[in-house]
Amino acid sequence: MRVGSFVLAAQFPGQGQGEALHRAVRSAEVAEEAGLDTVWLAEHHFVPYGTCPSAITLAALLLGRTRRIRVGTAVCVLPTQHPVSVGEQAALLHLTSGGRFSLGVGRGGPWVDLEVFGAGLAAYEKGFPESLDLLMRWLREPSVAADGERFRFREVPVVPRPSEALTETEGPEVVLACTSPASVRLAAERGLPMLLGMHVGDEEKAEMVALWRRCAREAGRSGDEIRAAAHVSAGVCQIADRRTDAVETLTKAMPGWLKQGLDAHVTVDGRIRQMRDPLAYTELLCGLHPVGTPRLCADRLAATSERTGISRFALLVEGSGDLAATEENVRRLGAEVLPQLR
């Protein structure tokens, strides 16, 4: 089992954007010190829900500041970026970090980002498979041409080639964020592990893993490849000496952040969005994930792994909104929870 942190660079009420980003960077540095496996970095535009607009840029900074920990994106939103550009940056980080970079990608949402970056709604609604396949070709082949609906260009060499890295894999690991049966099938057919969101519980995640395995078999993936797939489960972690204290920390801080962060999302085409109740959502997350004493947190992670078959975790550790509390939370995760899992 491998446990990492999930960093949103969330801007809580009353905080500045620089303060949110500083907390994100410090929490990642402390994660390495505490012995965590990976830091996963989120990407958002124009909203205080997350103040990092480029997960791959922040990953570069953190790879330069650390020596051991793996750094991944959760996720780079492909519809608003050119897959070749993402592939080039991923190859660069893979080579220069000694293979410590994981590229998480996803479809994102129908947000105004599509308008600002000139991608258009079609890139979100139907263009994601083309973008994903072009990205994967760039990371696996020596030269690439494109003749699709969205991307067309003559054959060009891949520079730098990620397969030239002195690592165990041909290129950087690629993980696909999945929120629907269609995206699960997409990941399975391409043999990509999934990143599953914090808003769903063990039962639904287990169903998605089972669907991935069925689709992977149907696509001709080998049994060894299917068994080796290391899916990632996103969640929330808050550690305290009493569970009531951990829950209180999150229910005091997270609803205000969720309300201002989620309310700020604007759809590209004016479609109506059904908003979650911030307090109810916080309480749901507290019930689904490792929130409580170190023993409870270890048991919850072990139970989720056993029920779902998922071996990796990306845990939101900044739910208090406070820098000192976040650092303490990460250190306790490393010192008091991880030893129980090992």
# chains A, B, ... in the order shown; residues from 1 in each chain; ligands from 1
call {"tool": "closest_atom_pairs", "arguments": {"of": "region 80-196 of chain A", "to": "region 200-211 of chain A", "cutoff": "9 Å", "atoms": "only C-alpha atoms", "output": "JSON lines"}}
result
{"residue": "A:Cys178", "atom": "CA", "partner": "A:Met208", "partner_atom": "CA", "distance": 8.7}
{"residue": "A:Thr179", "atom": "CA", "partner": "A:Met208", "partner_atom": "CA", "distance": 8.9}
{"residue": "A:Ser180", "atom": "CA", "partner": "A:Met208", "partner_atom": "CA", "distance": 8.4}
{"residue": "A:Pro181", "atom": "CA", "partner": "A:Met208", "partner_atom": "CA", "distance": 7.3}
{"residue": "A:Val184", "atom": "CA", "partner": "A:Met208", "partner_atom": "CA", "distance": 6.8}
{"residue": "A:Arg185", "atom": "CA", "partner": "A:Leu211", "partner_atom": "CA", "distance": 7.6}
{"residue": "A:Ala188", "atom": "CA", "partner": "A:Leu211", "partner_atom": "CA", "distance": 8.5}
{"residue": "A:Met194", "atom": "CA", "partner": "A:Val209", "partner_atom": "CA", "distance": 8.4}
{"residue": "A:Leu196", "atom": "CA", "partner": "A:Lys205", "partner_atom": "CA", "distance": 7.0}
call {"tool": "write_last_selection", "arguments": {"atoms": "all heavy atoms", "output": "JSON list (two decimals), in the first residue's frame"}}
result
[["chain", "number", "residue", "atom", "x", "y", "z"],
["A", 178, "CYS", "N", -11.22, 8.98, -13.52],
["A", 178, "CYS", "CA", -12.43, 8.32, -14.02],
["A", 178, "CYS", "C", -13.61, 8.65, -13.10],
["A", 178, "CYS", "O", -13.52, 8.47, -11.88],
["A", 178, "CYS", "CB", -12.24, 6.81, -14.08],
["A", 178, "CYS", "SG", -11.00, 6.28, -15.28],
["A", 179, "THR", "N", -14.71, 9.09, -13.71],
["A", 179, "THR", "CA", -15.91, 9.42, -12.94],
["A", 179, "THR", "C", -17.15, 8.76, -13.52],
["A", 179, "THR", "O", -18.24, 8.95, -13.00],
["A", 179, "THR", "CB", -16.13, 10.94, -12.91],
["A", 179, "THR", "OG1", -16.22, 11.43, -14.25],
["A", 179, "THR", "CG2", -14.97, 11.64, -12.20],
["A", 180, "SER", "N", -17.01, 7.99, -14.60],
["A", 180, "SER", "CA", -18.17, 7.39, -15.27],
["A", 180, "SER", "C", -17.75, 6.06, -15.90],
["A", 180, "SER", "O", -16.56, 5.81, -16.11],
["A", 180, "SER", "CB", -18.68, 8.33, -16.37],
["A", 180, "SER", "OG", -17.72, 8.43, -17.41],
["A", 181, "PRO", "N", -18.72, 5.20, -16.21],
["A", 181, "PRO", "CA", -18.39, 3.95, -16.90],
["A", 181, "PRO", "C", -17.64, 4.17, -18.22],
["A", 181, "PRO", "O", -16.75, 3.40, -18.58],
["A", 181, "PRO", "CB", -19.75, 3.30, -17.14],
["A", 181, "PRO", "CG", -20.61, 3.84, -16.04],
["A", 181, "PRO", "CD", -20.15, 5.24, -15.82],
["A", 184, "VAL", "N", -14.04, 4.79, -17.38],
["A", 184, "VAL", "CA", -13.44, 3.55, -16.90],
["A", 184, "VAL", "C", -13.07, 2.67, -18.10],
["A", 184, "VAL", "O", -11.97, 2.10, -18.15],
["A", 184, "VAL", "CB", -14.40, 2.81, -15.95],
["A", 184, "VAL", "CG1", -13.85, 1.42, -15.62],
["A", 184, "VAL", "CG2", -14.61, 3.61, -14.68],
["A", 185, "ARG", "N", -13.98, 2.53, -19.06],
["A", 185, "ARG", "CA", -13.69, 1.72, -20.25],
["A", 185, "ARG", "C", -12.52, 2.31, -21.03],
["A", 185, "ARG", "O", -11.67, 1.57, -21.54],
["A", 185, "ARG", "CB", -14.93, 1.63, -21.13],
["A", 185, "ARG", "CG", -16.01, 0.69, -20.60],
["A", 185, "ARG", "CD", -17.08, 0.43, -21.63],
["A", 185, "ARG", "NE", -17.89, 1.61, -21.88],
["A", 185, "ARG", "CZ", -18.99, 1.92, -21.19],
["A", 185, "ARG", "NH1", -19.40, 1.12, -20.21],
["A", 185, "ARG", "NH2", -19.67, 3.00, -21.46],
["A", 188, "ALA", "N", -9.37, 1.34, -19.21],
["A", 188, "ALA", "CA", -9.11, -0.09, -19.27],
["A", 188, "ALA", "C", -8.60, -0.51, -20.65],
["A", 188, "ALA", "O", -7.66, -1.31, -20.76],
["A", 188, "ALA", "CB", -10.37, -0.87, -18.93],
["A", 194, "MET", "N", -6.55, 3.95, -12.87],
["A", 194, "MET", "CA", -7.54, 5.00, -12.64],
["A", 194, "MET", "C", -7.21, 5.82, -11.40],
["A", 194, "MET", "O", -6.66, 5.30, -10.43],
["A", 194, "MET", "CB", -8.93, 4.39, -12.45],
["A", 194, "MET", "CG", -9.45, 3.58, -13.61],
["A", 194, "MET", "SD", -11.13, 2.96, -13.27],
["A", 194, "MET", "CE", -10.80, 1.76, -11.96],
["A", 196, "LEU", "N", -9.63, 7.68, -8.80],
["A", 196, "LEU", "CA", -11.05, 7.74, -8.45],
["A", 196, "LEU", "C", -11.27, 8.79, -7.37],
["A", 196, "LEU", "O", -10.51, 8.90, -6.42],
["A", 196, "LEU", "CB", -11.52, 6.37, -7.96],
["A", 196, "LEU", "CG", -11.33, 5.23, -8.98],
["A", 196, "LEU", "CD1", -11.83, 3.91, -8.41],
["A", 196, "LEU", "CD2", -12.03, 5.54, -10.29]]
call {"tool": "select_by_dssp", "arguments": {"residues": "region 47-83 of chain A", "states": "strand (DSSP E or B)", "output": "ChimeraX atom specification"}}
result
/A:70-73,76-77
call {"tool": "write_last_selection", "arguments": {"atoms": "all heavy atoms", "output": "compact mmCIF listing (two decimals), in the first residue's frame"}}
result
# COMPACT_ATOMS: atom_id res chain seq x y z
N ARG A 70 7.69 10.79 -4.99
CA ARG A 70 7.12 10.90 -6.33
C ARG A 70 6.15 12.07 -6.37
O ARG A 70 5.47 12.35 -5.38
CB ARG A 70 6.41 9.59 -6.69
CG ARG A 70 5.68 9.59 -8.02
CD ARG A 70 5.25 8.19 -8.42
NE ARG A 70 6.41 7.41 -8.82
CZ ARG A 70 6.92 7.41 -10.04
NH1 ARG A 70 6.36 8.13 -11.00
NH2 ARG A 70 7.97 6.68 -10.32
N VAL A 71 6.08 12.76 -7.49
CA VAL A 71 5.17 13.89 -7.65
C VAL A 71 4.30 13.62 -8.87
O VAL A 71 4.79 13.29 -9.95
CB VAL A 71 5.94 15.22 -7.84
CG1 VAL A 71 4.96 16.37 -8.01
CG2 VAL A 71 6.86 15.47 -6.65
N GLY A 72 2.98 13.76 -8.69
CA GLY A 72 2.06 13.49 -9.78
C GLY A 72 1.04 14.60 -9.95
O GLY A 72 0.78 15.38 -9.03
N THR A 73 0.45 14.66 -11.12
CA THR A 73 -0.63 15.62 -11.39
C THR A 73 -1.97 14.92 -11.22
O THR A 73 -2.15 13.79 -11.65
CB THR A 73 -0.51 16.20 -12.80
OG1 THR A 73 -0.56 15.14 -13.77
CG2 THR A 73 0.80 16.95 -12.97
N CYS A 76 -3.81 16.99 -14.92
CA CYS A 76 -3.72 17.91 -16.05
C CYS A 76 -4.99 17.76 -16.88
O CYS A 76 -5.34 16.64 -17.28
CB CYS A 76 -2.50 17.59 -16.91
SG CYS A 76 -0.93 18.02 -16.17
N VAL A 77 -5.68 18.86 -17.14
CA VAL A 77 -6.94 18.81 -17.88
C VAL A 77 -6.63 18.88 -19.38
O VAL A 77 -6.24 19.93 -19.90
CB VAL A 77 -7.86 19.97 -17.45
CG1 VAL A 77 -9.18 19.89 -18.21
CG2 VAL A 77 -8.11 19.92 -15.95
call {"tool": "select_by_dssp", "arguments": {"residues": "region 3-42 of chain A", "states": "helix (DSSP H, G or I)", "output": "number ranges by chain"}}
result
A: 17-34
call {"tool": "write_last_selection", "arguments": {"atoms": "C-alpha atoms", "output": "compact mmCIF listing (two decimals), in the first residue's frame"}}
result
# COMPACT_ATOMS: atom_id res chain seq x y z
CA GLN A 17 -3.93 33.11 -3.12
CA GLY A 18 -0.22 33.28 -2.32
CA GLU A 19 -0.97 31.94 1.17
CA ALA A 20 -2.81 28.97 -0.34
CA LEU A 21 0.06 28.20 -2.70
CA HIS A 22 2.66 28.52 0.06
CA ARG A 23 0.71 26.02 2.18
CA ALA A 24 0.58 23.66 -0.81
CA VAL A 25 4.34 23.80 -1.32
CA ARG A 26 5.13 23.39 2.38
CA SER A 27 2.74 20.45 2.75
CA ALA A 28 4.53 18.71 -0.12
CA GLU A 29 7.95 19.30 1.40
CA VAL A 30 6.72 17.96 4.74
CA ALA A 31 5.20 14.94 2.96
CA GLU A 32 8.68 13.91 1.82
CA GLU A 33 10.08 14.42 5.31
CA ALA A 34 7.23 12.35 6.78
call {"tool": "residues_around", "arguments": {"residues": "region 85-88 of chain A", "least_positions_apart": "5", "cutoff": "10 Å", "atoms": "only C-alpha atoms", "output": "list of chain:residue names"}}
result
A:Ile56, A:Cys76, A:Val77, A:Leu78, A:Leu93, A:His94, A:Leu103, A:Val105, A:Leu134, A:Leu135, A:Met136, A:Arg137, A:Trp138, A:Leu139, A:Arg140, A:Val158, A:Val159, A:Pro160, A:Arg161, A:Pro162, A:Pro172
call {"tool": "write_last_selection", "arguments": {"atoms": "N, CA, C and O atoms", "output": "short mmCIF file (atom, residue, chain, number, x, y, z; two decimals), in the first residue's frame"}}
result
data_model
loop_
_atom_site.label_atom_id
_atom_site.label_comp_id
_atom_site.auth_asym_id
_atom_site.auth_seq_id
_atom_site.Cartn_x
_atom_site.Cartn_y
_atom_site.Cartn_z
N ILE A 56 1.38 20.67 -13.70
CA ILE A 56 2.68 20.21 -14.19
C ILE A 56 3.79 21.21 -13.86
O ILE A 56 4.94 20.84 -13.62
N CYS A 76 -3.81 16.99 -14.92
CA CYS A 76 -3.72 17.91 -16.05
C CYS A 76 -4.99 17.76 -16.88
O CYS A 76 -5.34 16.64 -17.28
N VAL A 77 -5.68 18.86 -17.14
CA VAL A 77 -6.94 18.81 -17.88
C VAL A 77 -6.63 18.88 -19.38
O VAL A 77 -6.24 19.93 -19.90
N LEU A 78 -6.80 17.77 -20.06
CA LEU A 78 -6.37 17.68 -21.46
C LEU A 78 -7.18 18.53 -22.44
O LEU A 78 -6.60 19.08 -23.38
N LEU A 93 10.08 16.22 -17.31
CA LEU A 93 10.09 15.96 -15.87
C LEU A 93 10.49 14.53 -15.57
O LEU A 93 11.19 14.26 -14.58
N HIS A 94 10.06 13.59 -16.40
CA HIS A 94 10.42 12.19 -16.21
C HIS A 94 11.94 12.00 -16.29
O HIS A 94 12.56 11.35 -15.44
N LEU A 103 2.08 11.29 -14.47
CA LEU A 103 1.19 12.20 -15.20
C LEU A 103 -0.25 11.72 -15.06
O LEU A 103 -0.66 10.74 -15.67
N VAL A 105 -4.08 12.61 -15.91
CA VAL A 105 -4.83 13.44 -16.85
C VAL A 105 -6.32 13.18 -16.69
O VAL A 105 -6.73 12.13 -16.18
N LEU A 134 -3.32 10.71 -28.62
CA LEU A 134 -2.17 11.44 -29.13
C LEU A 134 -1.11 11.60 -28.04
O LEU A 134 0.10 11.43 -28.30
N LEU A 135 -1.53 11.89 -26.84
CA LEU A 135 -0.59 12.01 -25.72
C LEU A 135 0.15 10.69 -25.51
O LEU A 135 1.39 10.68 -25.34
N MET A 136 -0.57 9.57 -25.49
CA MET A 136 0.07 8.28 -25.25
C MET A 136 1.05 7.92 -26.36
O MET A 136 2.12 7.36 -26.10
N ARG A 137 0.71 8.24 -27.58
CA ARG A 137 1.65 7.99 -28.68
C ARG A 137 2.92 8.81 -28.51
O ARG A 137 4.03 8.35 -28.75
N TRP A 138 2.75 10.06 -28.08
CA TRP A 138 3.91 10.92 -27.89
C TRP A 138 4.84 10.37 -26.81
O TRP A 138 6.07 10.49 -26.89
N LEU A 139 4.28 9.75 -25.80
CA LEU A 139 5.08 9.23 -24.70
C LEU A 139 5.68 7.86 -24.99
O LEU A 139 6.52 7.37 -24.23
N ARG A 140 5.27 7.22 -26.09
CA ARG A 140 5.71 5.84 -26.34
C ARG A 140 6.43 5.65 -27.68
O ARG A 140 7.09 4.63 -27.87
N VAL A 158 10.02 12.98 -31.58
CA VAL A 158 9.74 13.23 -30.17
C VAL A 158 11.04 13.60 -29.48
O VAL A 158 11.97 12.79 -29.42
N VAL A 159 11.12 14.82 -28.99
CA VAL A 159 12.33 15.31 -28.31
C VAL A 159 11.92 16.10 -27.07
O VAL A 159 11.16 17.07 -27.20
N PRO A 160 12.35 15.69 -25.89
CA PRO A 160 13.17 14.50 -25.60
C PRO A 160 12.31 13.24 -25.52
O PRO A 160 11.13 13.32 -25.16
N ARG A 161 12.91 12.13 -25.86
CA ARG A 161 12.19 10.86 -25.78
C ARG A 161 12.22 10.34 -24.35
O ARG A 161 13.29 10.08 -23.80
N PRO A 162 11.06 10.14 -23.74
CA PRO A 162 11.04 9.69 -22.34
C PRO A 162 11.59 8.28 -22.17
O PRO A 162 12.03 7.92 -21.09
N PRO A 172 6.95 8.16 -18.49
CA PRO A 172 6.27 8.46 -17.23
C PRO A 172 4.98 7.67 -17.09
O PRO A 172 4.28 7.41 -18.08
#
call {"tool": "closest_residue", "arguments": {"among": "A:Met198, A:Met275, A:Ala324, A:Leu186", "to": "Arg213 (chain A)", "atoms": "only C-alpha atoms"}}
result
A:Leu186
call {"tool": "residues_around", "arguments": {"residues": "Thr51 (chain A)", "least_positions_apart": "3", "cutoff": "8 Å", "atoms": "only C-alpha atoms", "output": "ChimeraX atom specification"}}
result
/A:8-11,17,20-21,43-48
call {"tool": "atom_distance", "arguments": {"atom1": "CA of Val174 (chain A)", "atom2": "CA of Glu225 (chain A)"}}
result
14.3 Å
call {"tool": "closest_residue", "arguments": {"among": "A:Leu95, A:Ile69, A:Leu132, A:Leu279", "to": "Arg107 (chain A)", "atoms": "only C-alpha atoms"}}
result
A:Leu132
call {"tool": "atom_distance", "arguments": {"atom1": "CA of Ala122 (chain A)", "atom2": "CA of Pro110 (chain A)"}}
result
9.7 Å
call {"tool": "closest_residue", "arguments": {"among": "A:Gly109, A:Pro290, A:Gly319, A:Gly220", "to": "Arg271 (chain A)", "atoms": "only C-alpha atoms"}}
result
A:Gly109
call {"tool": "atom_distance", "arguments": {"atom1": "CA of Thr304 (chain A)", "atom2": "CA of Ala228 (chain A)"}}
result
17.7 Å
call {"tool": "residues_around", "arguments": {"residues": "region 242-252 of chain A", "least_positions_apart": "4", "cutoff": "9 Å", "atoms": "only C-alpha atoms", "output": "list of chain:residue names"}}
result
A:Cys237, A:Gln238, A:Gly256, A:Leu279, A:Thr282, A:Glu283, A:Cys286, A:Val291, A:Gly292, A:Thr293, A:Leu296, A:Gly319, A:Ser320, A:Gly321
call {"tool": "write_last_selection", "arguments": {"atoms": "N, CA, C and O atoms", "output": "PDB file, in the first residue's frame"}}
result
ATOM      1  N   CYS A 237      -8.009  13.161   4.720  1.00  0.00           N
ATOM      2  CA  CYS A 237      -7.423  12.626   5.950  1.00  0.00           C
ATOM      3  C   CYS A 237      -7.241  13.745   6.962  1.00  0.00           C
ATOM      4  O   CYS A 237      -6.641  14.786   6.645  1.00  0.00           O
ATOM      5  N   GLN A 238      -7.775  13.544   8.141  1.00  0.00           N
ATOM      6  CA  GLN A 238      -7.558  14.486   9.244  1.00  0.00           C
ATOM      7  C   GLN A 238      -7.360  13.667  10.504  1.00  0.00           C
ATOM      8  O   GLN A 238      -8.217  12.858  10.874  1.00  0.00           O
ATOM      9  N   GLY A 256     -16.990  26.490   4.346  1.00  0.00           N
ATOM     10  CA  GLY A 256     -16.781  27.827   3.811  1.00  0.00           C
ATOM     11  C   GLY A 256     -15.949  27.811   2.549  1.00  0.00           C
ATOM     12  O   GLY A 256     -16.239  28.535   1.581  1.00  0.00           O
ATOM     13  N   LEU A 279     -21.905  21.757   3.952  1.00  0.00           N
ATOM     14  CA  LEU A 279     -21.779  21.062   5.224  1.00  0.00           C
ATOM     15  C   LEU A 279     -22.084  19.576   5.067  1.00  0.00           C
ATOM     16  O   LEU A 279     -21.359  18.721   5.586  1.00  0.00           O
ATOM     17  N   THR A 282     -19.145  17.900   3.448  1.00  0.00           N
ATOM     18  CA  THR A 282     -18.048  17.721   4.399  1.00  0.00           C
ATOM     19  C   THR A 282     -18.317  16.540   5.317  1.00  0.00           C
ATOM     20  O   THR A 282     -17.427  15.712   5.572  1.00  0.00           O
ATOM     21  N   GLU A 283     -19.539  16.434   5.813  1.00  0.00           N
ATOM     22  CA  GLU A 283     -19.895  15.313   6.687  1.00  0.00           C
ATOM     23  C   GLU A 283     -19.813  13.986   5.945  1.00  0.00           C
ATOM     24  O   GLU A 283     -19.383  12.968   6.509  1.00  0.00           O
ATOM     25  N   CYS A 286     -16.161  13.052   5.740  1.00  0.00           N
ATOM     26  CA  CYS A 286     -15.689  12.573   7.035  1.00  0.00           C
ATOM     27  C   CYS A 286     -16.105  11.123   7.283  1.00  0.00           C
ATOM     28  O   CYS A 286     -15.388  10.358   7.948  1.00  0.00           O
ATOM     29  N   VAL A 291     -10.672   9.890   8.841  1.00  0.00           N
ATOM     30  CA  VAL A 291     -10.819  11.092   9.656  1.00  0.00           C
ATOM     31  C   VAL A 291     -11.030  10.635  11.100  1.00  0.00           C
ATOM     32  O   VAL A 291     -12.067  10.055  11.423  1.00  0.00           O
ATOM     33  N   GLY A 292     -10.034  10.856  11.954  1.00  0.00           N
ATOM     34  CA  GLY A 292     -10.146  10.409  13.339  1.00  0.00           C
ATOM     35  C   GLY A 292      -8.799  10.101  13.942  1.00  0.00           C
ATOM     36  O   GLY A 292      -7.792  10.728  13.603  1.00  0.00           O
ATOM     37  N   THR A 293      -8.749   9.125  14.814  1.00  0.00           N
ATOM     38  CA  THR A 293      -7.505   8.743  15.488  1.00  0.00           C
ATOM     39  C   THR A 293      -6.577   8.039  14.494  1.00  0.00           C
ATOM     40  O   THR A 293      -7.023   7.532  13.456  1.00  0.00           O
ATOM     41  N   LEU A 296      -7.891   4.549  13.807  1.00  0.00           N
ATOM     42  CA  LEU A 296      -9.063   4.565  12.930  1.00  0.00           C
ATOM     43  C   LEU A 296      -8.649   4.843  11.490  1.00  0.00           C
ATOM     44  O   LEU A 296      -9.150   4.200  10.557  1.00  0.00           O
ATOM     45  N   GLY A 319      -7.405  20.146   4.874  1.00  0.00           N
ATOM     46  CA  GLY A 319      -8.797  20.470   5.149  1.00  0.00           C
ATOM     47  C   GLY A 319      -9.015  21.435   6.283  1.00  0.00           C
ATOM     48  O   GLY A 319     -10.091  22.038   6.394  1.00  0.00           O
ATOM     49  N   SER A 320      -8.013  21.628   7.137  1.00  0.00           N
ATOM     50  CA  SER A 320      -8.132  22.615   8.221  1.00  0.00           C
ATOM     51  C   SER A 320      -7.986  24.031   7.693  1.00  0.00           C
ATOM     52  O   SER A 320      -8.427  24.991   8.339  1.00  0.00           O
ATOM     53  N   GLY A 321      -7.314  24.179   6.540  1.00  0.00           N
ATOM     54  CA  GLY A 321      -7.053  25.501   5.985  1.00  0.00           C
ATOM     55  C   GLY A 321      -5.921  26.242   6.659  1.00  0.00           C
ATOM     56  O   GLY A 321      -5.596  27.366   6.267  1.00  0.00           O
TER      57      GLY A 321
END
call {"tool": "closest_residue", "arguments": {"among": "A:Arg276, A:Arg227, A:Phe128, A:Gly309", "to": "Ala182 (chain A)", "atoms": "only C-alpha atoms"}}
result
A:Phe128
call {"tool": "closest_residue", "arguments": {"among": "A:Gly98, A:Pro79, A:Gly50, A:Gly106", "to": "Ala123 (chain A)", "atoms": "only C-alpha atoms"}}
result
A:Pro79
call {"tool": "closest_residue", "arguments": {"among": "A:Pro157, A:Pro129, A:Gly197, A:Gly223", "to": "Ser183 (chain A)", "atoms": "only C-alpha atoms"}}
result
A:Pro129
call {"tool": "residues_around", "arguments": {"residues": "Val266 (chain A)", "least_positions_apart": "4", "cutoff": "8 Å", "atoms": "only C-alpha atoms", "output": "list in words"}}
result
Trp111, Val112 and Gly270 of chain A
call {"tool": "write_last_selection", "arguments": {"atoms": "C-alpha atoms", "output": "PDB file, in the first residue's frame"}}
result
ATOM      1  CA  TRP A 111     -16.322  25.148 -17.530  1.00  0.00           C
ATOM      2  CA  VAL A 112     -15.608  28.588 -18.963  1.00  0.00           C
ATOM      3  CA  GLY A 270     -24.803  28.431 -19.239  1.00  0.00           C
TER       4      GLY A 270
END
call {"tool": "decode", "arguments": {"residues": "region 187-201 of chain A", "atoms": "N, CA and C atoms", "output": "PDB file, in the first residue's frame"}}
result
ATOM      1  N   ALA A 187      -9.986   4.010 -19.864  1.00  0.00           N
ATOM      2  CA  ALA A 187      -8.752   3.684 -19.154  1.00  0.00           C
ATOM      3  C   ALA A 187      -8.386   2.216 -19.317  1.00  0.00           C
ATOM      4  N   ALA A 188      -9.371   1.344 -19.205  1.00  0.00           N
ATOM      5  CA  ALA A 188      -9.107  -0.092 -19.275  1.00  0.00           C
ATOM      6  C   ALA A 188      -8.599  -0.511 -20.647  1.00  0.00           C
ATOM      7  N   GLU A 189      -9.216   0.012 -21.685  1.00  0.00           N
ATOM      8  CA  GLU A 189      -8.804  -0.351 -23.040  1.00  0.00           C
ATOM      9  C   GLU A 189      -7.365   0.046 -23.322  1.00  0.00           C
ATOM     10  N   ARG A 190      -6.896   1.113 -22.679  1.00  0.00           N
ATOM     11  CA  ARG A 190      -5.529   1.582 -22.880  1.00  0.00           C
ATOM     12  C   ARG A 190      -4.578   1.100 -21.792  1.00  0.00           C
ATOM     13  N   GLY A 191      -5.085   0.308 -20.863  1.00  0.00           N
ATOM     14  CA  GLY A 191      -4.245  -0.246 -19.814  1.00  0.00           C
ATOM     15  C   GLY A 191      -3.756   0.768 -18.811  1.00  0.00           C
ATOM     16  N   LEU A 192      -4.525   1.859 -18.611  1.00  0.00           N
ATOM     17  CA  LEU A 192      -4.114   2.922 -17.709  1.00  0.00           C
ATOM     18  C   LEU A 192      -4.789   2.767 -16.351  1.00  0.00           C
ATOM     19  N   PRO A 193      -4.048   2.888 -15.262  1.00  0.00           N
ATOM     20  CA  PRO A 193      -4.680   2.870 -13.935  1.00  0.00           C
ATOM     21  C   PRO A 193      -5.581   4.081 -13.757  1.00  0.00           C
ATOM     22  N   MET A 194      -6.553   3.951 -12.867  1.00  0.00           N
ATOM     23  CA  MET A 194      -7.542   4.999 -12.644  1.00  0.00           C
ATOM     24  C   MET A 194      -7.211   5.816 -11.404  1.00  0.00           C
ATOM     25  N   LEU A 195      -7.624   7.078 -11.437  1.00  0.00           N
ATOM     26  CA  LEU A 195      -7.697   7.923 -10.247  1.00  0.00           C
ATOM     27  C   LEU A 195      -9.172   8.138  -9.965  1.00  0.00           C
ATOM     28  N   LEU A 196      -9.630   7.676  -8.796  1.00  0.00           N
ATOM     29  CA  LEU A 196     -11.046   7.736  -8.448  1.00  0.00           C
ATOM     30  C   LEU A 196     -11.268   8.794  -7.375  1.00  0.00           C
ATOM     31  N   GLY A 197     -12.338   9.573  -7.528  1.00  0.00           N
ATOM     32  CA  GLY A 197     -12.552  10.774  -6.739  1.00  0.00           C
ATOM     33  C   GLY A 197     -12.940  10.532  -5.300  1.00  0.00           C
ATOM     34  N   MET A 198     -12.810  11.579  -4.494  1.00  0.00           N
ATOM     35  CA  MET A 198     -13.101  11.492  -3.069  1.00  0.00           C
ATOM     36  C   MET A 198     -14.600  11.494  -2.771  1.00  0.00           C
ATOM     37  N   HIS A 199     -15.415  11.815  -3.756  1.00  0.00           N
ATOM     38  CA  HIS A 199     -16.848  11.938  -3.521  1.00  0.00           C
ATOM     39  C   HIS A 199     -17.570  10.600  -3.546  1.00  0.00           C
ATOM     40  N   VAL A 200     -16.888   9.511  -3.903  1.00  0.00           N
ATOM     41  CA  VAL A 200     -17.533   8.193  -3.941  1.00  0.00           C
ATOM     42  C   VAL A 200     -16.898   7.278  -2.898  1.00  0.00           C
ATOM     43  N   GLY A 201     -17.693   6.338  -2.405  1.00  0.00           N
ATOM     44  CA  GLY A 201     -17.239   5.443  -1.356  1.00  0.00           C
ATOM     45  C   GLY A 201     -16.695   4.134  -1.874  1.00  0.00           C
TER      46      GLY A 201
END
